[in-house]
Amino acid sequence: MVKAAHLGVLLWLAACSEPPAPTVVCGELNQGCHGMGVSIRTDAAPSALSPFTLTVQAAGAREVVAEFVMVGMDMGLNRYRLQPTGAGRFSARVTLPVCVSGRRDWVLWVSVDGRRQGFAFQTR
């Protein structure tokens, strides 16, 4: 039997678990990447501390949020609400932080009207 104090810890651990693995592996984001009815593209190859524009195409979407994370490493809050630009396109100017360990592997989580899709990519 789980005591009430232990139940709180178990719920906290469940909430802090790693998100599911991304389902799409992208090569060059500036060449575009597609998955589950969502297309993403950047205007330049993503690089730490260099702003770039992220564009998401999602027909019929009302809200698009993008979040950049590294699996197993806290990179702070890197979440952006993309602005509609017409015809199912959303865009935002974004910046990746520097990873002090030198890692270059990222996951871009795109939430379209609450439905999340993960895109794995690497910076140069």
# chains A, B, ... in the order shown; residues from 1 in each chain; ligands from 1
$ residues_around --residues "range 62-68 of chain A" --least-positions-apart "2" --cutoff "8 Å" --atoms "only C-alpha atoms" --output "PyMOL selection string"
chain A and resi 56+60+70+77-83+90+96+106-113
$ select_by_dssp --residues "chain A" --states "helix (DSSP H, G or I)" --output "list in words"
Ala4, Ala5, His6, Leu7, Gly8, Val9, Leu10, Leu11, Trp12, Leu13, Ala14, Ala15, Leu29, Asn30 and Gln31 of chain A
$ write_last_selection --atoms "C-alpha atoms" --output "tab-separated table (two decimals), in the first residue's frame"
chain	number	residue	atom	x	y	z
A	4	ALA	CA	-0.07	9.58	0.93
A	5	ALA	CA	3.41	11.11	1.33
A	6	HIS	CA	4.89	8.54	-1.04
A	7	LEU	CA	2.08	9.01	-3.53
A	8	GLY	CA	3.07	12.67	-3.93
A	9	VAL	CA	6.65	11.68	-4.72
A	10	LEU	CA	5.50	9.07	-7.24
A	11	LEU	CA	3.25	11.61	-8.97
A	12	TRP	CA	6.12	14.12	-9.09
A	13	LEU	CA	8.46	11.50	-10.62
A	14	ALA	CA	5.86	10.60	-13.25
A	15	ALA	CA	5.46	14.26	-14.19
A	29	LEU	CA	15.96	21.93	-41.01
A	30	ASN	CA	16.55	24.62	-43.62
A	31	GLN	CA	15.69	21.99	-46.25
$ residues_around --residues "Cys33 in chain A" --least-positions-apart "4" --cutoff "10 Å" --atoms "only C-alpha atoms" --output "PyMOL selection string"
chain A and resi 24-29+38-42+56+119-121
$ residues_around --residues "Met73 in chain A" --least-positions-apart "5" --cutoff "10 Å" --atoms "only C-alpha atoms" --output "ChimeraX atom specification"
/A:99,101,103
$ write_last_selection --atoms "C-alpha atoms" --output "PDB file, in the first residue's frame"
ATOM      1  CA  CYS A  99      25.042  23.783 -24.536  1.00  0.00           C
ATOM      2  CA  SER A 101      28.728  20.251 -22.654  1.00  0.00           C
ATOM      3  CA  ARG A 103      26.146  18.568 -27.367  1.00  0.00           C
TER       4      ARG A 103
END
